[in-house]
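Notes to accompany the following structure.
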Amino acid sequence: MSTQSEPANGRLLSYADALREAVDQEMARDENVFTFGIDVDDHVAIQGTTRGLRERYGAGRVFSTPLSEDAMTGFAVGAAMAGMRPIHVHIRQDFLLLCMNQMINMAAKTHYMYGGLLKAPLVERAIIGKSWGQGPQHSQALYSLFAHIPGLKVVAPSNASDAKGCMIAAIRDDNPVVFTEHRLLYYAEAFVPEEPFEVLPGRSRVCTEGTDVTLVGISNMVPECLRTAELLADAGISAEVIDPIWLRPLDTDTIIASVAKTGRLLVVDNAWTACGMSAEILACVAESDALAGGAQLARMGFAPTTCPTTPTIEEDFYPNPATIASKVYSMVKPGADAWAPDPEKAKLAYQKQFKGPF
Amino acid sequence: MSTQSEPANGRLLSYADALREAVDQEMARDENVFTFGIDVDDHVAIQGTTRGLRERYGAGRVFSTPLSEDAMTGFAVGAAMAGMRPIHVHIRQDFLLLCMNQMINMAAKTHYMYGGLLKAPLVERAIIGKSWGQGPQHSQALYSLFAHIPGLKVVAPSNASDAKGCMIAAIRDDNPVVFTEHRLLYYAEAFVPEEPFEVLPGRSRVCTEGTDVTLVGISNMVPECLRTAELLADAGISAEVIDPIWLRPLDTDTIIASVAKTGRLLVVDNAWTACGMSAEILACVAESDALAGGAQLARMGFAPTTCPTTPTIEEDFYPNPATIASKVYSMVKPGADAWAPDPEKAKLAYQKQFKGPF
Amino acid sequence: MTDQDFARLYRSLKLIRRVEERVAEIYPSDKIKSPVHLSIGQEAVSVGVCDALNPDDYAIGTYRGHALYLAKGGSLNGFMAELFGKIDGCARGKGGSMHMIDTAARMLGCSAVVATNIPIALGYAWKLKREGKQRAIACFFGDGATEEGVFYESLNFASLHKLPVLFVCENNALAIHTPLETRWAHHDIADRVRGFGIPVHGNRDMDVLAIREIATEALAGIRAGNGPVFMECHTYRWRQHVGPNEDFDAGYRSRDEMRKWVESDQVERIGAMLGAGEKEAIDADIENRIVQSVAFADESPFPGPQELMTHVYAE
Amino acid sequence: MTDQDFARLYRSLKLIRRVEERVAEIYPSDKIKSPVHLSIGQEAVSVGVCDALNPDDYAIGTYRGHALYLAKGGSLNGFMAELFGKIDGCARGKGGSMHMIDTAARMLGCSAVVATNIPIALGYAWKLKREGKQRAIACFFGDGATEEGVFYESLNFASLHKLPVLFVCENNALAIHTPLETRWAHHDIADRVRGFGIPVHGNRDMDVLAIREIATEALAGIRAGNGPVFMECHTYRWRQHVGPNEDFDAGYRSRDEMRKWVESDQVERIGAMLGAGEKEAIDADIENRIVQSVAFADESPFPGPQELMTHVYAE
Ligand SMILES: Cc1ncc(C[n+]2csc(CCOP(=O)(O)OP(=O)(O)O)c2C)c(N)n1
Ligand SMILES: Cc1ncc(C[n+]2csc(CCOP(=O)(O)OP(=O)(O)O)c2C)c(N)n1
Ligand SMILES: [Mg+2]
Ligand SMILES: [Mg+2]
């Protein structure tokens, strides 16, 4: 499948509120849906995404847990096997490293290893942190570790509307889904339909059409690629921006069709590149016969280092519209001198909004 | 760096004995080296790789532990920070999923996050299981999860000589190294130098030269690719087989130079392909300017499913010389009818040798 | 206890013993290409506990799960076919010896990664508690599993939420070949478990009747909503950790160790309690069922190629 | 105890209190772009224990590590520059508030992932034990950390090998905003720890002198090779979990809770024990040092671009 039409009606909603609404509507629809994890029911309410749910559905369906990620993940797998629909929340993706055994040795294999007798429909929500000194252990994006594993699904919505649609699709999915959120997207608003809807697995979206280069952004890098496209327009370069949305299953057809048209691909990941999603996408495109002509393939992502805390070099750790635009420029105009866009224009709204500690 | 010369002298040694000798020699050289893990000191001695070490170096440097992989990994990281050289052993790579938090949140970041004041020189040995019903939870190859992470090194020797040289290099390396071994390689023999030597990080080896296709094999897939090259020779196809040996840091120059010559690349991984080493290698090659001409790129690996226990379909889970040869044939002779080599010739020695349970 | 009770216990004990002995006999033929962790000698734990469970209670175990699977009423044909890697196996041949399952018998899937099944049991217990039908789940694991952190995390959560879980630790004093002294700082697991507010009941000599009684009592409390109970059953593994044979020649333990356990062998003991003729009838029936199950397994086809990619994802 | 002892304790307590108050004052200026987890109110635990440690003993802590870092003698300039993200910070600005380290002071790196520092301490202890110089390591963590499985795995291994570790649990009864009742099935951690054969000593009212005495005694046994000891120190966090302010308006706790802790504030208490003039002299010196450290941090340059890829791997 390829692009899907934007939801018809809707109100302006933040990414965080869209997540909250999705969970709320699904909990109202299906009493087997419940949500839990460290601090889901305190006053911060996972940055608002679980606000009001405990009051509405009770402590039996919305509760905070001890600091025991390994057992709590296994608990979720067991509850899912038993017919429930757990949503397990982590305020940082870094903590998923305590959940690997249950997610990969159990959840991913439940349906297959037991000959189809059981299934594990659970959602593992995990937020990627960025900026304000998140540093080495609160800034990691680890979704590719899960995208490597058959039996798991992985999604990384980049806007409020997809956040709602993907969350509903993930909750209704009969398989374990790693749901990747990005802290800096929480304030970003979009028109979100009021009624429940699903943004289904395996469908990339073409966000803006273009002819010179295909820009694939992942998670928080989608808005950065959209801004990049605007900057490139000033330089007379037409970029087509694609959001894969779901990382496993991954819809490469849409990407390959675009590259067949533009002849150039730059994947901008919100994570490290080695053995990451950007590697997978480049490999899929490189393998495809559709590009017999051959295309220019490149990728960007985190610098291949641990994320530093101090802001000056933390900034260099991440791709941004300016560095992405310069990279594209050098791809489209190989001979030409290096080019950089107007720094002011390159700034993203939320970069001004966000202010620590977490 | 590119290819390295085979060690000069040597005796025929099995992969397992070569590992044992490497650890033995390093423990004799440096009293800070010690080895531990579940069952390192029982009579099976990790299939012989730790045999005799306790008698020689004492219970203080060679010991079995409780079933506590998470804490034992942190223990290794701490001991390494304190100046020791721990070698932590796991009889199956699947159990590394309990070590992710310490390996990725601590070991990988120690040197950077503490401003270079500390380092974590440890070796995490982990064996990949295969055949005789290893099944869903004893057959996984998870090295790409670690190859994704800056601060970690990953190695996967494919023969007895490299097993020794890589182990010594890993022990002497000042960084955390995930040392990937393959159960089916344990009996494979090669000429191994008696004196200690290092097979250093970041150097791929050209095992056999060829002109029509570049075959990159990883871990246990190297011998399978070498056999494939023989099969292909019968079909008049000349394959160049490359063993990256170290997966992070990864020497792509050698691979790219080869592909520039052959115009075709098939990476055969001993793991799943999505976001795996095969994706990374294809991406690196696809990105390189050296191949402006464009080359044919493809990959093979585990089937994208959980590994089944029953032998009939377990066999289809893995690439083998016959399926690899057919794939290459279709790449080199696009138009031609499908071709498969003589099944008898395609069999590998160890496939006759190995007989369960573990 | 009635005669029927003894007969039922004997039937279960003997079935497991004979099935595993048969598995050991068949093993050299290479028809079973799957690592087998036999429970021979340990049957009484599974049998005693499962006899106290209701049919609609759940049980979950480990790679050493043959005894539990059969004690909980798992299909013998499905079991044998699974070992043979056939499509009629309880997991379509995809799981093998280490992943036995029979959802109809409320026998949940076994896991080959030590202690992974413990938090899974909590999830089921959560569902059972919400359902409010006084159902429970018995979670089986070995002494080695209690060294994994997730075991303690699970004790805390189960106790905190008073989940209907019966934790059953089969303490055979070995993890593969490593003795407790090398693994436990303090010899008594009960002292660790009580720290989570969980009552502990132990049985040192694997008396199937005592185990059954303890489990029955424990389950009454669990059903009443008092929260989890922990049972430690000392036992002894007669065969290799993995594989069909004895291993007293390996050097890590002596045959003497086994003597006391053989002398108190519960299969013999309970068998001796049955009326003349009854025992023979049961034995004959068991042999019969085993022969049939082996024939069933032999005749069942291997999974076809399409099975490789079937059930990767649930639809 | 001598007057010098009291003076030393006061100097340490007051330094930490004032440094963190200063950090809180500076925070709104955005010069500190790093999440700060202040120890204000909890100083006595770090100070009491560290005063019992020898300079060549080690300490390791958590993201709430300011008090420990300073109590163990970590450089104040390095501390302030680290908070400011400068190249002269103790971790070159790469770690920030959550990863304080000063190897010269034997203050090991702090970690922001709960409980990850606990097994790290075992590794150091292993080295110290082999070295045979009766050195020890104090491992600090919060009440929440005791819920992670690795904590129990670590207790077992440390006790099994009699490692020279002093476990120090700073029990402030909160994990972020979640109270113990929501997290612990059984209220007394001591009952869990003893199950591993580890002696437990507690202090309920954060008496710095009592804590110092308990630690001194515990360390004597540890140095004698008797194995690890566990200390539980009840304490109270006066500020937000993370951030510079109070948070009694958040609703998850009341200001009343704090009163008893403020009344027994150890900074005041020990200060009152000092001779006239002495306290003032120490206070003045502390203010002085703080001013200098802030100036030092201000003047130190930010890491240059080349620092991003420096120290990824050790050579
Ligand atoms: C997490 C994990 N670590 C290591 C292993 C390897 N292993 C398989 S069985 C076993 C021993 C388990 O001992 P115990 O729990 O007492 O069960 P028993 O085999 O005695 O029934 C070990 C270490 C594993 N399967 N999983
Ligand atoms: C493994 C892990 N899970 C969750 C978190 C998020 N988190 C940060 S601090 C904290 C509470 C820790 O409480 P405690 O151990 O009592 O220390 P305190 O903050 O009270 O000093 C949590 C849950 C984390 N950092 N690491
Ligand atoms: Mg055991
Ligand atoms: Mg606390």
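Each chain of the structure tokens is named A, B, ... in the order shown, its residues numbered from 1; ligands are numbered from 1 in display order.
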
Each chain C residue no farther than 10 Å from chain D, nearest pair in Å, only C-alpha atoms, as JSON lines:
{"residue": "C:Thr146", "atom": "CA", "partner": "D:Glu153", "partner_atom": "CA", "distance": 9.4}
{"residue": "C:Glu147", "atom": "CA", "partner": "D:Glu153", "partner_atom": "CA", "distance": 6.3}
{"residue": "C:Glu148", "atom": "CA", "partner": "D:Glu153", "partner_atom": "CA", "distance": 6.5}
{"residue": "C:Gly149", "atom": "CA", "partner": "D:Gly149", "partner_atom": "CA", "distance": 3.5}
{"residue": "C:Val150", "atom": "CA", "partner": "D:Gly149", "partner_atom": "CA", "distance": 5.3}
{"residue": "C:Phe151", "atom": "CA", "partner": "D:Gly149", "partner_atom": "CA", "distance": 7.4}
{"residue": "C:Tyr152", "atom": "CA", "partner": "D:Gly149", "partner_atom": "CA", "distance": 6.0}
{"residue": "C:Glu153", "atom": "CA", "partner": "D:Gly149", "partner_atom": "CA", "distance": 5.5}
{"residue": "C:Ser154", "atom": "CA", "partner": "D:Gly149", "partner_atom": "CA", "distance": 8.9}
{"residue": "C:Leu155", "atom": "CA", "partner": "D:Ala185", "partner_atom": "CA", "distance": 8.6}
{"residue": "C:Asn156", "atom": "CA", "partner": "D:Ala185", "partner_atom": "CA", "distance": 5.5}
{"residue": "C:Phe157", "atom": "CA", "partner": "D:Ala185", "partner_atom": "CA", "distance": 7.0}
{"residue": "C:Ala158", "atom": "CA", "partner": "D:Ala185", "partner_atom": "CA", "distance": 8.2}
{"residue": "C:Ser159", "atom": "CA", "partner": "D:Ala185", "partner_atom": "CA", "distance": 5.5}
{"residue": "C:Leu160", "atom": "CA", "partner": "D:Ala185", "partner_atom": "CA", "distance": 4.1}
{"residue": "C:His161", "atom": "CA", "partner": "D:Ala185", "partner_atom": "CA", "distance": 7.9}
{"residue": "C:Lys162", "atom": "CA", "partner": "D:Ala185", "partner_atom": "CA", "distance": 9.0}
{"residue": "C:Glu181", "atom": "CA", "partner": "D:Leu160", "partner_atom": "CA", "distance": 8.6}
{"residue": "C:Thr182", "atom": "CA", "partner": "D:Leu160", "partner_atom": "CA", "distance": 7.9}
{"residue": "C:Arg183", "atom": "CA", "partner": "D:Leu160", "partner_atom": "CA", "distance": 7.4}
{"residue": "C:Trp184", "atom": "CA", "partner": "D:Leu160", "partner_atom": "CA", "distance": 6.5}
{"residue": "C:Ala185", "atom": "CA", "partner": "D:Leu160", "partner_atom": "CA", "distance": 4.1}
{"residue": "C:His186", "atom": "CA", "partner": "D:Phe196", "partner_atom": "CA", "distance": 5.2}
{"residue": "C:His187", "atom": "CA", "partner": "D:Phe196", "partner_atom": "CA", "distance": 8.6}
{"residue": "C:Asp188", "atom": "CA", "partner": "D:Gly195", "partner_atom": "CA", "distance": 7.8}
{"residue": "C:Ile189", "atom": "CA", "partner": "D:Gly195", "partner_atom": "CA", "distance": 7.5}
{"residue": "C:Ala190", "atom": "CA", "partner": "D:Gly195", "partner_atom": "CA", "distance": 8.0}
{"residue": "C:Asp191", "atom": "CA", "partner": "D:Gly195", "partner_atom": "CA", "distance": 4.7}
{"residue": "C:Arg192", "atom": "CA", "partner": "D:Gly195", "partner_atom": "CA", "distance": 4.2}
{"residue": "C:Val193", "atom": "CA", "partner": "D:Arg192", "partner_atom": "CA", "distance": 7.6}
{"residue": "C:Arg194", "atom": "CA", "partner": "D:Arg192", "partner_atom": "CA", "distance": 7.6}
{"residue": "C:Gly195", "atom": "CA", "partner": "D:Arg192", "partner_atom": "CA", "distance": 4.2}
{"residue": "C:Phe196", "atom": "CA", "partner": "D:His186", "partner_atom": "CA", "distance": 5.3}
{"residue": "C:Gly197", "atom": "CA", "partner": "D:His186", "partner_atom": "CA", "distance": 5.5}
{"residue": "C:Ile198", "atom": "CA", "partner": "D:Ala185", "partner_atom": "CA", "distance": 8.9}

Taking only residues of chain D that have an atom at most 8 Å from an atom of chain A, what is each one's shortest atom pair and its distance in Å to one decimal, using only C-alpha atoms, in chain and number order, as a tab-separated table?
residue	atom	partner	partner_atom	distance
D:Lys33	CA	A:Trp132	CA	5.0
D:Ser34	CA	A:Gly133	CA	4.2
D:Pro35	CA	A:Pro357	CA	4.6
D:Val36	CA	A:Pro357	CA	7.4
D:Phe84	CA	A:Thr310	CA	7.8
D:Gly85	CA	A:Thr310	CA	4.5
D:Lys86	CA	A:Thr310	CA	7.3
D:Gly93	CA	A:Thr310	CA	5.3
D:Lys94	CA	A:Pro308	CA	4.5
D:Gly95	CA	A:Thr309	CA	5.6
D:Gly96	CA	A:Thr309	CA	5.8
D:Ala112	CA	A:Gln137	CA	6.4
D:Val113	CA	A:Gln137	CA	6.9
D:Gly144	CA	A:Leu67	CA	6.2
D:Ala145	CA	A:Leu67	CA	7.0
D:Glu147	CA	A:Leu67	CA	5.2
D:Glu148	CA	A:Ser68	CA	4.9
D:Gly149	CA	A:Ser68	CA	6.8
D:Ile176	CA	A:Asp39	CA	7.7
D:His177	CA	A:Asp42	CA	6.4
D:Thr178	CA	A:Asp39	CA	6.7
D:Thr182	CA	A:Thr65	CA	6.8
D:Arg183	CA	A:Pro66	CA	4.4
D:Trp184	CA	A:Pro66	CA	7.2
D:Val242	CA	A:Pro357	CA	7.1
D:Gly243	CA	A:Pro357	CA	6.3
D:Ala250	CA	A:His43	CA	7.1
D:Gly251	CA	A:His43	CA	7.7
D:Tyr252	CA	A:His43	CA	7.6
D:Phe302	CA	A:Thr312	CA	6.9
D:Pro303	CA	A:Ile313	CA	7.1
D:Gly304	CA	A:Ile313	CA	7.3
D:Pro305	CA	A:Ile313	CA	6.0
D:Glu307	CA	A:Ile313	CA	7.2
D:Leu308	CA	A:Ile313	CA	5.6
D:Met309	CA	A:Thr305	CA	6.3
D:Val312	CA	A:Thr305	CA	5.6

>> I need the strand (DSSP E) residues of stretch 144-314 of chain D per DSSP on the backbone, written as a PyMOL selection string.
In response: chain D and resi 165-171+174-175+178-179+200-203+229-234

>> Applying 8 Å and only C-alpha atoms, which residues near stretch 178-186 of chain A remain after dropping the ones on its own chain fewer than 4 positions away? List them as a count of residues only.
In response: 28

> Quick one: residues within 7 Å of ligand 4, with only C-alpha atoms and all ligand atoms, as a list in words?
Replying inline: Gly142, Asp143, Gly144, Glu170, Asn171, Asn172, Ala173, Leu174, Ala175 and Ile176 of chain D

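The smallest atom-to-atom distance between ligand 1 and any of B:Val89, B:Ala79, B:Gly10, B:Ala260, using only C-alpha atoms and all ligand atoms, is found for B:Val89.
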
Could you list, with a cut-off of 12 Å and counting only C-alpha atoms and all ligand atoms, the residues of chain A near ligand 1, each shown with its nearest atom pair and the distance in Å rounded to one decimal, rows sorted by chain and ascending number, as CSV?
residue,atom,partner,partner_atom_place_in_ligand_line,distance
A:Met100,CA,ligand 1,1 (C),11.9
A:Asn101,CA,ligand 1,1 (C),8.5
A:Gln102,CA,ligand 1,1 (C),10.7
A:Asn105,CA,ligand 1,1 (C),9.9
A:Met106,CA,ligand 1,1 (C),11.9

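Distances from A:Glu194, A:Asp253, A:Glu224, A:Asp289 to chain B were compared using only C-alpha atoms, and the smallest one belongs to A:Asp289.
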
>> List the spatial neighbours of stretch 49-57 of chain A as an NGL selection string - criterion: any atom at most 6 Å away, only C-alpha atoms, same-chain residues fewer than 2 positions off excluded.
In response: :A and (16 or 19-20 or 45-47 or 59 or 62)

Would you mind exporting all heavy atoms of the selected residues as a PDB file, in the first residue's frame?
ATOM      1  N   ALA A  16       0.516  15.048  22.331  1.00  0.00           N
ATOM      2  CA  ALA A  16       0.255  14.433  23.643  1.00  0.00           C
ATOM      3  C   ALA A  16      -1.244  14.221  23.844  1.00  0.00           C
ATOM      4  O   ALA A  16      -1.668  13.137  24.253  1.00  0.00           O
ATOM      5  CB  ALA A  16       0.822  15.314  24.754  1.00  0.00           C
ATOM      6  N   LEU A  19      -2.574  11.355  21.756  1.00  0.00           N
ATOM      7  CA  LEU A  19      -2.267  10.050  22.348  1.00  0.00           C
ATOM      8  C   LEU A  19      -3.267   9.750  23.460  1.00  0.00           C
ATOM      9  O   LEU A  19      -3.822   8.655  23.558  1.00  0.00           O
ATOM     10  CB  LEU A  19      -0.844  10.034  22.908  1.00  0.00           C
ATOM     11  CG  LEU A  19       0.292   9.968  21.887  1.00  0.00           C
ATOM     12  CD1 LEU A  19       1.634  10.172  22.583  1.00  0.00           C
ATOM     13  CD2 LEU A  19       0.274   8.629  21.149  1.00  0.00           C
ATOM     14  N   ARG A  20      -3.513  10.757  24.291  1.00  0.00           N
ATOM     15  CA  ARG A  20      -4.432  10.576  25.408  1.00  0.00           C
ATOM     16  C   ARG A  20      -5.823  10.207  24.895  1.00  0.00           C
ATOM     17  O   ARG A  20      -6.457   9.270  25.391  1.00  0.00           O
ATOM     18  CB  ARG A  20      -4.517  11.868  26.223  1.00  0.00           C
ATOM     19  CG  ARG A  20      -4.987  11.687  27.664  1.00  0.00           C
ATOM     20  CD  ARG A  20      -5.687  12.922  28.181  1.00  0.00           C
ATOM     21  NE  ARG A  20      -6.891  13.177  27.409  1.00  0.00           N
ATOM     22  CZ  ARG A  20      -8.025  12.518  27.574  1.00  0.00           C
ATOM     23  NH1 ARG A  20      -8.123  11.568  28.482  1.00  0.00           N
ATOM     24  NH2 ARG A  20      -9.075  12.783  26.819  1.00  0.00           N
ATOM     25  N   ALA A  45       1.306  12.676  34.790  1.00  0.00           N
ATOM     26  CA  ALA A  45       0.520  11.830  33.885  1.00  0.00           C
ATOM     27  C   ALA A  45       1.225  11.626  32.545  1.00  0.00           C
ATOM     28  O   ALA A  45       0.627  11.795  31.485  1.00  0.00           O
ATOM     29  CB  ALA A  45      -0.871  12.426  33.688  1.00  0.00           C
ATOM     30  N   ILE A  46       2.500  11.229  32.612  1.00  0.00           N
ATOM     31  CA  ILE A  46       3.277  11.007  31.379  1.00  0.00           C
ATOM     32  C   ILE A  46       3.044  12.178  30.420  1.00  0.00           C
ATOM     33  O   ILE A  46       2.542  12.026  29.316  1.00  0.00           O
ATOM     34  CB  ILE A  46       2.923   9.661  30.714  1.00  0.00           C
ATOM     35  CG1 ILE A  46       2.876   8.516  31.735  1.00  0.00           C
ATOM     36  CG2 ILE A  46       3.917   9.343  29.604  1.00  0.00           C
ATOM     37  CD1 ILE A  46       4.196   8.141  32.371  1.00  0.00           C
ATOM     38  N   GLN A  47       3.396  13.355  30.911  1.00  0.00           N
ATOM     39  CA  GLN A  47       3.249  14.586  30.121  1.00  0.00           C
ATOM     40  C   GLN A  47       1.828  14.749  29.587  1.00  0.00           C
ATOM     41  O   GLN A  47       1.625  15.232  28.469  1.00  0.00           O
ATOM     42  CB  GLN A  47       4.259  14.604  28.961  1.00  0.00           C
ATOM     43  CG  GLN A  47       5.698  14.293  29.359  1.00  0.00           C
ATOM     44  CD  GLN A  47       6.242  15.266  30.403  1.00  0.00           C
ATOM     45  OE1 GLN A  47       5.855  16.442  30.427  1.00  0.00           O
ATOM     46  NE2 GLN A  47       7.113  14.773  31.273  1.00  0.00           N
ATOM     47  N   ALA A  59      -8.452   2.340  39.183  1.00  0.00           N
ATOM     48  CA  ALA A  59      -7.080   1.908  39.463  1.00  0.00           C
ATOM     49  C   ALA A  59      -6.807   0.513  38.906  1.00  0.00           C
ATOM     50  O   ALA A  59      -5.655   0.107  38.786  1.00  0.00           O
ATOM     51  CB  ALA A  59      -6.820   1.916  40.964  1.00  0.00           C
ATOM     52  N   VAL A  62      -5.697   1.572  35.197  1.00  0.00           N
ATOM     53  CA  VAL A  62      -4.700   2.633  35.027  1.00  0.00           C
ATOM     54  C   VAL A  62      -3.892   2.711  36.312  1.00  0.00           C
ATOM     55  O   VAL A  62      -4.382   3.171  37.336  1.00  0.00           O
ATOM     56  CB  VAL A  62      -5.378   3.994  34.765  1.00  0.00           C
ATOM     57  CG1 VAL A  62      -4.321   5.064  34.531  1.00  0.00           C
ATOM     58  CG2 VAL A  62      -6.340   3.913  33.588  1.00  0.00           C
TER      59      VAL A  62
END

> Could you pull the residues within 7 Å of D:Met80, counting only C-alpha atoms, minus those fewer than 4 positions along the same chain, as JSON, numbers by chain?
Replying inline: {"D": [76, 84, 89, 293, 294, 297]}

Keeping only C-alpha atoms, write the selected residues to a file as a short mmCIF file (atom, residue, chain, number, x, y, z; two decimals), in the first residue's frame.
data_model
loop_
_atom_site.label_atom_id
_atom_site.label_comp_id
_atom_site.auth_asym_id
_atom_site.auth_seq_id
_atom_site.Cartn_x
_atom_site.Cartn_y
_atom_site.Cartn_z
CA LEU D 76 33.70 21.94 43.45
CA PHE D 84 27.46 24.70 33.13
CA GLY D 89 33.71 20.14 34.08
CA SER D 293 33.46 27.92 41.50
CA VAL D 294 30.71 29.82 39.71
CA ALA D 297 32.45 27.69 35.54
#

> stretch 254-264 of chain D: which residues within 12 Å, counting only C-alpha atoms, same-chain residues fewer than 3 positions away excluded, as a PyMOL selection string?
Replying inline: chain D and resi 40-44+172-173+204-208+234-239+246-251+267-270+272

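Here atom CA of D:Leu163 stands at a distance of 5.1 Å from atom CA of D:Gly227.
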
> From the set A:Thr252, A:Gln140, A:Asn9, A:Gln25, which residue has the shortest atom-to-atom contact distance to chain B, counting only C-alpha atoms?
Replying inline: A:Gln140

Would you pick out the contacts of stretch 323-328 of chain B at 7 Å or less, using only C-alpha atoms, so that residues sharing its chain but fewer than 6 positions from it are not included, and give the list as a PDB file with all heavy atoms, in the first residue's frame?
ATOM      1  N   THR B 228      30.109 -22.368  -1.331  1.00  0.00           N
ATOM      2  CA  THR B 228      29.330 -21.838  -2.453  1.00  0.00           C
ATOM      3  C   THR B 228      30.240 -21.477  -3.616  1.00  0.00           C
ATOM      4  O   THR B 228      29.944 -21.780  -4.779  1.00  0.00           O
ATOM      5  CB  THR B 228      28.539 -20.584  -2.008  1.00  0.00           C
ATOM      6  OG1 THR B 228      27.713 -20.916  -0.900  1.00  0.00           O
ATOM      7  CG2 THR B 228      27.698 -20.041  -3.144  1.00  0.00           C
ATOM      8  N   LEU B 231      31.059 -24.462  -5.570  1.00  0.00           N
ATOM      9  CA  LEU B 231      29.910 -24.886  -6.383  1.00  0.00           C
ATOM     10  C   LEU B 231      29.769 -23.999  -7.610  1.00  0.00           C
ATOM     11  O   LEU B 231      29.535 -24.460  -8.720  1.00  0.00           O
ATOM     12  CB  LEU B 231      28.626 -24.822  -5.554  1.00  0.00           C
ATOM     13  CG  LEU B 231      28.575 -25.679  -4.286  1.00  0.00           C
ATOM     14  CD1 LEU B 231      27.310 -25.383  -3.508  1.00  0.00           C
ATOM     15  CD2 LEU B 231      28.660 -27.149  -4.636  1.00  0.00           C
ATOM     16  N   LEU B 232      29.972 -22.696  -7.387  1.00  0.00           N
ATOM     17  CA  LEU B 232      29.815 -21.747  -8.491  1.00  0.00           C
ATOM     18  C   LEU B 232      30.893 -21.955  -9.547  1.00  0.00           C
ATOM     19  O   LEU B 232      30.652 -21.782 -10.743  1.00  0.00           O
ATOM     20  CB  LEU B 232      29.855 -20.312  -7.963  1.00  0.00           C
ATOM     21  CG  LEU B 232      28.635 -19.856  -7.164  1.00  0.00           C
ATOM     22  CD1 LEU B 232      28.899 -18.529  -6.476  1.00  0.00           C
ATOM     23  CD2 LEU B 232      27.411 -19.758  -8.066  1.00  0.00           C
ATOM     24  N   ALA B 338      16.613 -20.873 -13.776  1.00  0.00           N
ATOM     25  CA  ALA B 338      17.139 -21.107 -12.420  1.00  0.00           C
ATOM     26  C   ALA B 338      18.092 -22.297 -12.447  1.00  0.00           C
ATOM     27  O   ALA B 338      17.940 -23.221 -13.253  1.00  0.00           O
ATOM     28  CB  ALA B 338      15.988 -21.368 -11.466  1.00  0.00           C
ATOM     29  N   TRP B 339      19.095 -22.258 -11.565  1.00  0.00           N
ATOM     30  CA  TRP B 339      20.089 -23.342 -11.504  1.00  0.00           C
ATOM     31  C   TRP B 339      20.336 -23.718 -10.049  1.00  0.00           C
ATOM     32  O   TRP B 339      20.305 -22.865  -9.167  1.00  0.00           O
ATOM     33  CB  TRP B 339      21.394 -22.859 -12.155  1.00  0.00           C
ATOM     34  CG  TRP B 339      22.592 -23.735 -11.904  1.00  0.00           C
ATOM     35  CD1 TRP B 339      22.971 -24.836 -12.614  1.00  0.00           C
ATOM     36  CD2 TRP B 339      23.583 -23.561 -10.883  1.00  0.00           C
ATOM     37  NE1 TRP B 339      24.134 -25.362 -12.101  1.00  0.00           N
ATOM     38  CE2 TRP B 339      24.526 -24.601 -11.037  1.00  0.00           C
ATOM     39  CE3 TRP B 339      23.760 -22.642  -9.845  1.00  0.00           C
ATOM     40  CZ2 TRP B 339      25.630 -24.743 -10.201  1.00  0.00           C
ATOM     41  CZ3 TRP B 339      24.866 -22.784  -9.013  1.00  0.00           C
ATOM     42  CH2 TRP B 339      25.793 -23.832  -9.190  1.00  0.00           C
ATOM     43  N   ALA B 340      20.528 -24.990  -9.789  1.00  0.00           N
ATOM     44  CA  ALA B 340      20.869 -25.432  -8.433  1.00  0.00           C
ATOM     45  C   ALA B 340      22.017 -26.426  -8.515  1.00  0.00           C
ATOM     46  O   ALA B 340      22.054 -27.259  -9.414  1.00  0.00           O
ATOM     47  CB  ALA B 340      19.656 -26.064  -7.766  1.00  0.00           C
TER      48      ALA B 340
END

>> Just list as a PyMOL selection string whatever in stretch 90-138 of chain B DSSP marks as alpha helix (DSSP H).
In response: chain B and resi 100+110-113

>> Restricting the calculation to only C-alpha atoms and all ligand atoms: of C:Ile282, C:Leu180, C:Val45, C:Ala59, which residue gets closest to ligand 3?
In response: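 Closest residue, counting only C-alpha atoms and all ligand atoms: C:Leu180.
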